[in-house]
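As stored in model_27.pdb (PDB, C-alpha atoms):
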ATOM      1  CA  MET S  24       6.939   6.579  10.004
ATOM      2  CA  LYS S  25       8.035   8.377   6.843
ATOM      3  CA  ILE S  26       7.468   7.903   3.147
ATOM      4  CA  ALA S  27      10.072   5.372   2.003
ATOM      5  CA  GLU S  28      12.886   6.703  -0.144
ATOM      6  CA  THR S  29      13.265   4.243  -2.963
ATOM      7  CA  PRO S  30      15.457   4.142  -6.080
ATOM      8  CA  GLN S  31      14.312   4.692  -9.647
ATOM      9  CA  PRO S  32      12.055   1.862 -10.892
ATOM     10  CA  PRO S  33      12.014  -0.957 -11.612
ATOM     11  CA  TYR S  34      11.993  -2.494  -8.139
ATOM     12  CA  TYR S  35       9.459  -4.584  -6.216
ATOM     13  CA  ALA S  36       6.717  -3.867  -3.682
ATOM     14  CA  VAL S  37       4.846  -6.257  -1.403
ATOM     15  CA  ILE S  38       1.468  -4.893  -0.349
ATOM     16  CA  PHE S  39       0.285  -6.560   2.862
ATOM     17  CA  THR S  40      -3.287  -5.621   3.806
ATOM     18  CA  SER S  41      -4.691  -7.104   7.008
ATOM     19  CA  ILE S  42      -7.544  -7.160   9.476
ATOM     20  CA  LYS S  43      -6.568  -8.015  13.015
ATOM     21  CA  SER S  44      -8.361 -10.383  15.344
ATOM     22  CA  ASP S  45      -9.208  -9.413  18.932
ATOM     23  CA  ASN S  46      -6.271 -11.487  20.172
ATOM     24  CA  THR S  47      -3.271  -9.271  19.536
ATOM     25  CA  LYS S  48      -1.203 -10.505  22.489
ATOM     26  CA  GLY S  49       2.464 -10.550  21.517
ATOM     27  CA  TYR S  50       1.844  -8.707  18.266
ATOM     28  CA  ASP S  51       3.745  -5.506  19.033
ATOM     29  CA  ALA S  52       6.861  -7.305  20.249
ATOM     30  CA  MET S  53       6.865  -9.556  17.181
ATOM     31  CA  SER S  54       6.302  -6.590  14.895
ATOM     32  CA  ASP S  55       9.309  -4.793  16.405
ATOM     33  CA  LYS S  56      11.420  -7.928  15.996
ATOM     34  CA  MET S  57      10.363  -8.368  12.358
ATOM     35  CA  ILE S  58      11.214  -4.739  11.564
ATOM     36  CA  GLU S  59      14.645  -5.249  13.105
ATOM     37  CA  LEU S  60      15.196  -8.406  11.048
ATOM     38  CA  VAL S  61      13.769  -7.206   7.749
ATOM     39  CA  THR S  62      15.980  -4.119   7.699
ATOM     40  CA  GLN S  63      18.984  -6.476   7.726
ATOM     41  CA  GLN S  64      17.723  -8.456   4.725
ATOM     42  CA  LYS S  65      19.658  -8.216   1.484
ATOM     43  CA  GLY S  66      17.640  -6.323  -1.102
ATOM     44  CA  PHE S  67      15.311  -4.629   1.401
ATOM     45  CA  LEU S  68      14.722  -0.998   0.387
ATOM     46  CA  GLY S  69      12.280   0.284   3.005
ATOM     47  CA  PHE S  70       8.675   0.075   4.142
ATOM     48  CA  GLU S  71       5.606   2.127   4.933
ATOM     49  CA  SER S  72       2.700   1.217   7.190
ATOM     50  CA  ALA S  73      -0.546   2.706   8.412
ATOM     51  CA  PHE S  74      -3.324   1.189  10.486
ATOM     52  CA  ASN S  75      -6.872   2.013  11.378
ATOM     53  CA  GLU S  76      -9.852  -0.070  10.208
ATOM     54  CA  ILE S  77      -7.447  -2.109   8.148
ATOM     55  CA  GLY S  78      -3.670  -2.284   8.265
ATOM     56  CA  ILE S  79      -1.559  -1.658   5.183
ATOM     57  CA  THR S  80       2.165  -2.350   5.142
ATOM     58  CA  VAL S  81       4.096  -1.930   1.913
ATOM     59  CA  SER S  82       7.665  -3.189   1.799
ATOM     60  CA  TYR S  83      10.041  -2.400  -1.054
ATOM     61  CA  TRP S  84      12.665  -4.728  -2.484
ATOM     62  CA  THR S  85      15.314  -4.780  -5.174
ATOM     63  CA  ASP S  86      14.036  -8.011  -6.761
ATOM     64  CA  GLU S  87      11.869 -11.083  -6.330
ATOM     65  CA  ALA S  88      14.713 -13.235  -5.003
ATOM     66  CA  ALA S  89      15.041 -10.876  -2.026
ATOM     67  CA  ILE S  90      11.293 -11.167  -1.359
ATOM     68  CA  LEU S  91      11.452 -14.975  -1.443
ATOM     69  CA  ALA S  92      14.468 -15.009   0.887
ATOM     70  CA  TRP S  93      12.500 -12.953   3.432
ATOM     71  CA  LYS S  94       9.383 -15.095   2.982
ATOM     72  CA  THR S  95      11.354 -18.223   3.862
ATOM     73  CA  ASN S  96      13.352 -16.646   6.724
ATOM     74  CA  VAL S  97      12.848 -18.967   9.726
ATOM     75  CA  ALA S  98      11.998 -16.245  12.256
ATOM     76  CA  HIS S  99       9.638 -14.640   9.758
ATOM     77  CA  GLN S 100       7.931 -17.975   9.124
ATOM     78  CA  ALA S 101       7.249 -18.296  12.853
ATOM     79  CA  ALA S 102       5.683 -14.819  12.755
ATOM     80  CA  GLN S 103       3.597 -15.785   9.713
ATOM     81  CA  HIS S 104       2.330 -18.838  11.599
ATOM     82  CA  LYS S 105       1.275 -16.706  14.578
ATOM     83  CA  GLY S 106      -0.317 -14.283  12.159
ATOM     84  CA  ILE S 107      -2.537 -16.927  10.609
ATOM     85  CA  HIS S 108      -3.388 -18.669  13.856
ATOM     86  CA  GLN S 109      -3.809 -15.711  16.180
ATOM     87  CA  TRP S 110      -3.375 -12.104  15.082
ATOM     88  CA  TYR S 111      -5.220 -11.820  11.788
ATOM     89  CA  THR S 112      -8.730 -12.743  10.742
ATOM     90  CA  SER S 113      -7.820 -12.058   7.129
ATOM     91  CA  TYR S 114      -5.072 -10.657   4.959
ATOM     92  CA  ALA S 115      -4.040 -10.214   1.354
ATOM     93  CA  ILE S 116      -0.483 -10.178   0.026
ATOM     94  CA  ARG S 117       0.260  -8.779  -3.400
ATOM     95  CA  VAL S 118       3.711  -8.947  -4.957
ATOM     96  CA  CYS S 119       4.198  -6.176  -7.499
ATOM     97  CA  LYS S 120       6.769  -4.809  -9.879
ATOM     98  CA  VAL S 121       6.999  -1.026  -9.504
ATOM     99  CA  GLU S 122       7.139   0.306 -13.050
ATOM    100  CA  ARG S 123       6.789   4.070 -12.578
ATOM    101  CA  ALA S 124       7.079   6.343  -9.566
ATOM    102  CA  TYR S 125       6.900  10.029  -8.855
ATOM    103  CA  SER S 126       6.767  12.148  -5.763
ATOM    104  CA  PHE S 127       6.169  15.622  -4.404
ATOM    105  CA  GLY S 128       7.846  17.425  -1.509
ATOM    106  CA  MET S 129      10.426  14.725  -0.804
TER     107      MET S 129
ATOM    108  CA  MET U  24     -12.930  -0.248   4.860
ATOM    109  CA  LYS U  25     -12.330  -3.838   3.808
ATOM    110  CA  ILE U  26      -9.557  -5.701   2.049
ATOM    111  CA  ALA U  27     -10.201  -5.246  -1.669
ATOM    112  CA  GLU U  28     -11.378  -8.300  -3.579
ATOM    113  CA  THR U  29      -9.336  -8.369  -6.738
ATOM    114  CA  PRO U  30      -9.106 -10.835  -9.646
ATOM    115  CA  GLN U  31      -6.240 -13.194 -10.343
ATOM    116  CA  PRO U  32      -3.052 -11.339 -11.371
ATOM    117  CA  PRO U  33      -1.867  -9.723 -13.504
ATOM    118  CA  TYR U  34      -3.543  -6.396 -12.751
ATOM    119  CA  TYR U  35      -2.241  -3.008 -11.615
ATOM    120  CA  ALA U  36      -1.880  -1.230  -8.280
ATOM    121  CA  VAL U  37      -1.226   2.429  -7.561
ATOM    122  CA  ILE U  38       0.345   2.966  -4.148
ATOM    123  CA  PHE U  39      -0.259   6.516  -2.931
ATOM    124  CA  THR U  40       1.631   7.358   0.272
ATOM    125  CA  SER U  41       1.159  10.822   1.745
ATOM    126  CA  ILE U  42       1.843  13.149   4.623
ATOM    127  CA  LYS U  43      -0.806  15.774   5.215
ATOM    128  CA  SER U  44      -0.235  19.440   5.943
ATOM    129  CA  ASP U  45      -2.008  21.225   8.811
ATOM    130  CA  ASN U  46      -4.440  22.774   6.349
ATOM    131  CA  THR U  47      -6.911  19.987   5.630
ATOM    132  CA  LYS U  48      -9.916  22.245   5.023
ATOM    133  CA  GLY U  49     -12.112  20.730   2.321
ATOM    134  CA  TYR U  50     -10.164  17.470   2.264
ATOM    135  CA  ASP U  51     -12.893  15.134   3.530
ATOM    136  CA  ALA U  52     -15.521  16.422   1.102
ATOM    137  CA  MET U  53     -13.092  16.126  -1.815
ATOM    138  CA  SER U  54     -12.053  12.647  -0.704
ATOM    139  CA  ASP U  55     -15.695  11.513  -0.648
ATOM    140  CA  LYS U  56     -16.242  13.003  -4.109
ATOM    141  CA  MET U  57     -13.136  11.296  -5.519
ATOM    142  CA  ILE U  58     -14.232   7.920  -4.112
ATOM    143  CA  GLU U  59     -17.632   8.386  -5.759
ATOM    144  CA  LEU U  60     -15.998   9.257  -9.089
ATOM    145  CA  VAL U  61     -13.251   6.645  -9.074
ATOM    146  CA  THR U  62     -15.676   3.797  -8.471
ATOM    147  CA  GLN U  63     -17.353   4.756 -11.766
ATOM    148  CA  GLN U  64     -14.082   4.631 -13.711
ATOM    149  CA  LYS U  65     -13.659   1.917 -16.317
ATOM    150  CA  GLY U  66     -11.073  -0.588 -15.150
ATOM    151  CA  PHE U  67     -11.255   0.347 -11.451
ATOM    152  CA  LEU U  68     -11.120  -2.794  -9.297
ATOM    153  CA  GLY U  69     -11.182  -1.451  -5.738
ATOM    154  CA  PHE U  70      -9.091   0.355  -3.144
ATOM    155  CA  GLU U  71      -7.756   0.119   0.381
ATOM    156  CA  SER U  72      -6.683   2.947   2.657
ATOM    157  CA  ALA U  73      -5.335   3.477   6.144
ATOM    158  CA  PHE U  74      -4.098   6.607   7.875
ATOM    159  CA  ASN U  75      -2.159   7.463  10.965
ATOM    160  CA  GLU U  76       1.325   9.026  10.871
ATOM    161  CA  ILE U  77       1.285   8.595   7.120
ATOM    162  CA  GLY U  78      -1.595   7.831   4.793
ATOM    163  CA  ILE U  79      -1.513   4.893   2.412
ATOM    164  CA  THR U  80      -4.131   4.413  -0.277
ATOM    165  CA  VAL U  81      -3.764   1.572  -2.746
ATOM    166  CA  SER U  82      -6.065   1.501  -5.756
ATOM    167  CA  TYR U  83      -6.356  -1.482  -8.083
ATOM    168  CA  TRP U  84      -6.885  -1.348 -11.829
ATOM    169  CA  THR U  85      -7.243  -3.693 -14.761
ATOM    170  CA  ASP U  86      -4.503  -2.018 -16.807
ATOM    171  CA  GLU U  87      -2.336   1.067 -17.214
ATOM    172  CA  ALA U  88      -4.728   2.740 -19.650
ATOM    173  CA  ALA U  89      -7.373   2.812 -16.909
ATOM    174  CA  ILE U  90      -4.870   4.406 -14.507
ATOM    175  CA  LEU U  91      -3.956   7.090 -17.045
ATOM    176  CA  ALA U  92      -7.625   7.827 -17.768
ATOM    177  CA  TRP U  93      -8.208   8.448 -14.048
ATOM    178  CA  LYS U  94      -5.038  10.526 -13.734
ATOM    179  CA  THR U  95      -6.260  12.861 -16.475
ATOM    180  CA  ASN U  96      -9.893  13.008 -15.291
ATOM    181  CA  VAL U  97     -10.717  16.737 -15.003
ATOM    182  CA  ALA U  98     -12.291  16.569 -11.520
ATOM    183  CA  HIS U  99      -9.422  14.411 -10.314
ATOM    184  CA  GLN U 100      -6.888  16.882 -11.695
ATOM    185  CA  ALA U 101      -8.542  19.658  -9.672
ATOM    186  CA  ALA U 102      -8.180  17.448  -6.582
ATOM    187  CA  GLN U 103      -4.526  16.760  -7.416
ATOM    188  CA  HIS U 104      -3.914  20.511  -7.670
ATOM    189  CA  LYS U 105      -5.455  21.118  -4.233
ATOM    190  CA  GLY U 106      -3.423  18.207  -2.914
ATOM    191  CA  ILE U 107      -0.118  19.725  -3.997
ATOM    192  CA  HIS U 108      -0.982  23.283  -3.003
ATOM    193  CA  GLN U 109      -2.820  22.693   0.252
ATOM    194  CA  TRP U 110      -3.410  19.250   1.722
ATOM    195  CA  TYR U 111      -0.105  17.427   1.405
ATOM    196  CA  THR U 112       3.406  18.336   2.421
ATOM    197  CA  SER U 113       4.720  15.310   0.540
ATOM    198  CA  TYR U 114       3.600  12.225  -1.279
ATOM    199  CA  ALA U 115       4.853   9.357  -3.377
ATOM    200  CA  ILE U 116       2.952   7.567  -6.134
ATOM    201  CA  ARG U 117       4.093   4.187  -7.365
ATOM    202  CA  VAL U 118       2.458   2.448 -10.315
ATOM    203  CA  CYS U 119       2.919  -1.314 -10.090
ATOM    204  CA  LYS U 120       2.055  -4.475 -11.924
ATOM    205  CA  VAL U 121       0.683  -7.061  -9.492
ATOM    206  CA  GLU U 122       2.357 -10.308 -10.479
ATOM    207  CA  ARG U 123       1.400 -12.672  -7.636
ATOM    208  CA  ALA U 124      -1.230 -12.519  -4.917
ATOM    209  CA  TYR U 125      -2.454 -14.711  -2.117
ATOM    210  CA  SER U 126      -4.762 -14.270   0.807
ATOM    211  CA  PHE U 127      -6.022 -15.797   4.032
ATOM    212  CA  GLY U 128      -9.494 -15.697   5.559
ATOM    213  CA  MET U 129     -11.162 -13.934   2.648
TER     214      MET U 129
END

Step by step, read the file and then write its structure as structure tokens.
Amino acid sequence: MKIAETPQPPYYAVIFTSIKSDNTKGYDAMSDKMIELVTQQKGFLGFESAFNEIGITVSYWTDEAAILAWKTNVAHQAAQHKGIHQWYTSYAIRVCKVERAYSFGM
Amino acid sequence: MKIAETPQPPYYAVIFTSIKSDNTKGYDAMSDKMIELVTQQKGFLGFESAFNEIGITVSYWTDEAAILAWKTNVAHQAAQHKGIHQWYTSYAIRVCKVERAYSFGM
């Protein structure tokens, strides 16, 4: 996992913060599949994730239409359903417009 | 660490993604101090963080003026200086306007 290399703003970020349940059967395989699919999505720019007490995954997108297309992707919707009914006890999703960005050492 | 409880959008998020150096001496104490200080800042709404290969900390704010006030806080600037010169090999900071948000199980 690296810091995502993204273009100059503006672009979009989706911050997905989650707490997993004890029943994570099938999670890793689905996660791998979703990463494979999302990287093929039009407008996908990259993602970053880290997990310990909570999980944080931030995905970056060119625009809101690209985010909506991924949200309604059939395979992704199946994963969302499993997420709500099995893997997560809670999560928050925040859709954001990145207005300014700077970096060091990249 | 919990999922931050934030108001209805719009509000702001600062996504701080980092990779640490091998020299993390003093980091934990400074991190604790910064958390103590930031929670007293006007306009601070909460934060979430997770660390493994990379670190992701997302802080939430009422508006950009609150973010700028924290950025220029003298104690925080000392921490930023140590961050660049000692603790981090690289980082990215993205300032975002949260436009939509939804959650499950909160």

Surrounding residues of Ser41 (chain U) excluding itself and chain neighbours under 5 positions, 9 Å, only C-alpha atoms, as a count of residues only: 12

Chain S contacts to chain U at 10 Å (all atoms listed in the file) as a ChimeraX atom specification: /S:24-29,32-42,71-81,107,111-129

Keeping C-alpha atoms for every residue in the selection just given, could you write it to a file as a JSON list (two decimals), in the coordinates of the input?
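Just written: part03.json:
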[["chain", "number", "residue", "atom", "x", "y", "z"],
["S", 24, "MET", "CA", 6.94, 6.58, 10.00],
["S", 25, "LYS", "CA", 8.04, 8.38, 6.84],
["S", 26, "ILE", "CA", 7.47, 7.90, 3.15],
["S", 27, "ALA", "CA", 10.07, 5.37, 2.00],
["S", 28, "GLU", "CA", 12.89, 6.70, -0.14],
["S", 29, "THR", "CA", 13.26, 4.24, -2.96],
["S", 32, "PRO", "CA", 12.06, 1.86, -10.89],
["S", 33, "PRO", "CA", 12.01, -0.96, -11.61],
["S", 34, "TYR", "CA", 11.99, -2.49, -8.14],
["S", 35, "TYR", "CA", 9.46, -4.58, -6.22],
["S", 36, "ALA", "CA", 6.72, -3.87, -3.68],
["S", 37, "VAL", "CA", 4.85, -6.26, -1.40],
["S", 38, "ILE", "CA", 1.47, -4.89, -0.35],
["S", 39, "PHE", "CA", 0.28, -6.56, 2.86],
["S", 40, "THR", "CA", -3.29, -5.62, 3.81],
["S", 41, "SER", "CA", -4.69, -7.10, 7.01],
["S", 42, "ILE", "CA", -7.54, -7.16, 9.48],
["S", 71, "GLU", "CA", 5.61, 2.13, 4.93],
["S", 72, "SER", "CA", 2.70, 1.22, 7.19],
["S", 73, "ALA", "CA", -0.55, 2.71, 8.41],
["S", 74, "PHE", "CA", -3.32, 1.19, 10.49],
["S", 75, "ASN", "CA", -6.87, 2.01, 11.38],
["S", 76, "GLU", "CA", -9.85, -0.07, 10.21],
["S", 77, "ILE", "CA", -7.45, -2.11, 8.15],
["S", 78, "GLY", "CA", -3.67, -2.28, 8.26],
["S", 79, "ILE", "CA", -1.56, -1.66, 5.18],
["S", 80, "THR", "CA", 2.16, -2.35, 5.14],
["S", 81, "VAL", "CA", 4.10, -1.93, 1.91],
["S", 107, "ILE", "CA", -2.54, -16.93, 10.61],
["S", 111, "TYR", "CA", -5.22, -11.82, 11.79],
["S", 112, "THR", "CA", -8.73, -12.74, 10.74],
["S", 113, "SER", "CA", -7.82, -12.06, 7.13],
["S", 114, "TYR", "CA", -5.07, -10.66, 4.96],
["S", 115, "ALA", "CA", -4.04, -10.21, 1.35],
["S", 116, "ILE", "CA", -0.48, -10.18, 0.03],
["S", 117, "ARG", "CA", 0.26, -8.78, -3.40],
["S", 118, "VAL", "CA", 3.71, -8.95, -4.96],
["S", 119, "CYS", "CA", 4.20, -6.18, -7.50],
["S", 120, "LYS", "CA", 6.77, -4.81, -9.88],
["S", 121, "VAL", "CA", 7.00, -1.03, -9.50],
["S", 122, "GLU", "CA", 7.14, 0.31, -13.05],
["S", 123, "ARG", "CA", 6.79, 4.07, -12.58],
["S", 124, "ALA", "CA", 7.08, 6.34, -9.57],
["S", 125, "TYR", "CA", 6.90, 10.03, -8.86],
["S", 126, "SER", "CA", 6.77, 12.15, -5.76],
["S", 127, "PHE", "CA", 6.17, 15.62, -4.40],
["S", 128, "GLY", "CA", 7.85, 17.42, -1.51],
["S", 129, "MET", "CA", 10.43, 14.72, -0.80]]

Nearest to Gly66 (chain U) by atom-to-atom distance, counting only C-alpha atoms, from U:Ile90, U:Ala52, U:Ala102, U:Val97: U:Ile90

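Summary of the local environment: counting only C-alpha atoms, residues at most 12 Å from Gln63 (chain U), other than itself and those fewer than 4 positions away along its chain, are Lys56, Met57, Ile58, Glu59, Phe67, Leu68, Gly69, Ala89, Ala92, Trp93 and Asn96 of chain U.
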
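Across the model, the gap from CA of Trp110 (chain S) to CA of Ser44 (chain S) is 5.3 Å.
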
Test item: residues at most 12 Å from Ser54 (chain U), only C-alpha atoms, excluding those fewer than 6 positions along its chain, as number ranges by chain: U: 47-48, 60-61, 72, 80, 98-99, 101-103, 105-106, 110

Determine the axis-aligned bounding box of all atoms of region 82-91 of chain U present in the file, pad each side by 5 Å, and express its centre and edge lengths in Å to one decimal place as AutoDock Vina command-line options.
--center_x -4.9 --center_y 1.7 --center_z -12.7 --size_x 15.0 --size_y 20.8 --size_z 23.9

Å distance separating CA of Gln64 (chain U) from CA of Ser82 (chain U), one decimal place: 11.7 Å

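Going from CA of Asp45 (chain S) to CA of Gln109 (chain S) covers 8.7 Å.
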
Mind completing region 50-72 of chain S with N, CA and C atoms? Output as a PDB file, in the frame of the given file, please?
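See selection-v3.pdb below for the written result:
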ATOM      1  N   TYR S  50       1.697  -9.254  19.615  1.00  0.00           N
ATOM      2  CA  TYR S  50       1.844  -8.707  18.266  1.00  0.00           C
ATOM      3  C   TYR S  50       2.912  -7.611  18.196  1.00  0.00           C
ATOM      4  N   ASP S  51       2.834  -6.651  19.109  1.00  0.00           N
ATOM      5  CA  ASP S  51       3.745  -5.506  19.033  1.00  0.00           C
ATOM      6  C   ASP S  51       5.217  -5.924  19.156  1.00  0.00           C
ATOM      7  N   ALA S  52       5.480  -6.839  20.074  1.00  0.00           N
ATOM      8  CA  ALA S  52       6.861  -7.305  20.249  1.00  0.00           C
ATOM      9  C   ALA S  52       7.357  -8.006  18.985  1.00  0.00           C
ATOM     10  N   MET S  53       6.474  -8.849  18.401  1.00  0.00           N
ATOM     11  CA  MET S  53       6.865  -9.556  17.181  1.00  0.00           C
ATOM     12  C   MET S  53       7.050  -8.577  16.028  1.00  0.00           C
ATOM     13  N   SER S  54       6.195  -7.589  15.948  1.00  0.00           N
ATOM     14  CA  SER S  54       6.302  -6.590  14.895  1.00  0.00           C
ATOM     15  C   SER S  54       7.649  -5.856  14.992  1.00  0.00           C
ATOM     16  N   ASP S  55       8.016  -5.462  16.205  1.00  0.00           N
ATOM     17  CA  ASP S  55       9.309  -4.793  16.405  1.00  0.00           C
ATOM     18  C   ASP S  55      10.473  -5.689  15.974  1.00  0.00           C
ATOM     19  N   LYS S  56      10.359  -6.979  16.337  1.00  0.00           N
ATOM     20  CA  LYS S  56      11.420  -7.928  15.996  1.00  0.00           C
ATOM     21  C   LYS S  56      11.522  -8.109  14.474  1.00  0.00           C
ATOM     22  N   MET S  57      10.354  -8.183  13.818  1.00  0.00           N
ATOM     23  CA  MET S  57      10.363  -8.368  12.358  1.00  0.00           C
ATOM     24  C   MET S  57      10.954  -7.150  11.650  1.00  0.00           C
ATOM     25  N   ILE S  58      10.649  -5.954  12.167  1.00  0.00           N
ATOM     26  CA  ILE S  58      11.214  -4.739  11.564  1.00  0.00           C
ATOM     27  C   ILE S  58      12.738  -4.754  11.710  1.00  0.00           C
ATOM     28  N   GLU S  59      13.203  -5.167  12.880  1.00  0.00           N
ATOM     29  CA  GLU S  59      14.645  -5.249  13.105  1.00  0.00           C
ATOM     30  C   GLU S  59      15.296  -6.238  12.133  1.00  0.00           C
ATOM     31  N   LEU S  60      14.634  -7.382  11.941  1.00  0.00           N
ATOM     32  CA  LEU S  60      15.196  -8.406  11.048  1.00  0.00           C
ATOM     33  C   LEU S  60      15.110  -8.017   9.574  1.00  0.00           C
ATOM     34  N   VAL S  61      13.971  -7.465   9.179  1.00  0.00           N
ATOM     35  CA  VAL S  61      13.769  -7.206   7.749  1.00  0.00           C
ATOM     36  C   VAL S  61      14.742  -6.137   7.245  1.00  0.00           C
ATOM     37  N   THR S  62      15.057  -5.178   8.128  1.00  0.00           N
ATOM     38  CA  THR S  62      15.980  -4.119   7.699  1.00  0.00           C
ATOM     39  C   THR S  62      17.394  -4.650   7.464  1.00  0.00           C
ATOM     40  N   GLN S  63      17.679  -5.855   7.962  1.00  0.00           N
ATOM     41  CA  GLN S  63      18.984  -6.476   7.726  1.00  0.00           C
ATOM     42  C   GLN S  63      18.986  -7.354   6.473  1.00  0.00           C
ATOM     43  N   GLN S  64      17.817  -7.563   5.880  1.00  0.00           N
ATOM     44  CA  GLN S  64      17.723  -8.456   4.725  1.00  0.00           C
ATOM     45  C   GLN S  64      18.358  -7.827   3.495  1.00  0.00           C
ATOM     46  N   LYS S  65      19.089  -8.653   2.761  1.00  0.00           N
ATOM     47  CA  LYS S  65      19.658  -8.216   1.484  1.00  0.00           C
ATOM     48  C   LYS S  65      18.518  -7.850   0.521  1.00  0.00           C
ATOM     49  N   GLY S  66      18.642  -6.718  -0.112  1.00  0.00           N
ATOM     50  CA  GLY S  66      17.640  -6.323  -1.102  1.00  0.00           C
ATOM     51  C   GLY S  66      16.455  -5.569  -0.535  1.00  0.00           C
ATOM     52  N   PHE S  67      16.406  -5.382   0.789  1.00  0.00           N
ATOM     53  CA  PHE S  67      15.311  -4.629   1.401  1.00  0.00           C
ATOM     54  C   PHE S  67      15.556  -3.141   1.196  1.00  0.00           C
ATOM     55  N   LEU S  68      14.552  -2.419   0.703  1.00  0.00           N
ATOM     56  CA  LEU S  68      14.722  -0.998   0.387  1.00  0.00           C
ATOM     57  C   LEU S  68      14.020  -0.057   1.357  1.00  0.00           C
ATOM     58  N   GLY S  69      13.032  -0.581   2.098  1.00  0.00           N
ATOM     59  CA  GLY S  69      12.280   0.284   3.005  1.00  0.00           C
ATOM     60  C   GLY S  69      10.848  -0.193   3.132  1.00  0.00           C
ATOM     61  N   PHE S  70      10.089   0.437   4.015  1.00  0.00           N
ATOM     62  CA  PHE S  70       8.675   0.075   4.142  1.00  0.00           C
ATOM     63  C   PHE S  70       7.864   1.259   4.648  1.00  0.00           C
ATOM     64  N   GLU S  71       6.562   1.133   4.459  1.00  0.00           N
ATOM     65  CA  GLU S  71       5.606   2.127   4.933  1.00  0.00           C
ATOM     66  C   GLU S  71       4.439   1.361   5.550  1.00  0.00           C
ATOM     67  N   SER S  72       3.893   1.870   6.658  1.00  0.00           N
ATOM     68  CA  SER S  72       2.700   1.217   7.190  1.00  0.00           C
ATOM     69  C   SER S  72       1.770   2.214   7.840  1.00  0.00           C
TER      70      SER S  72
END
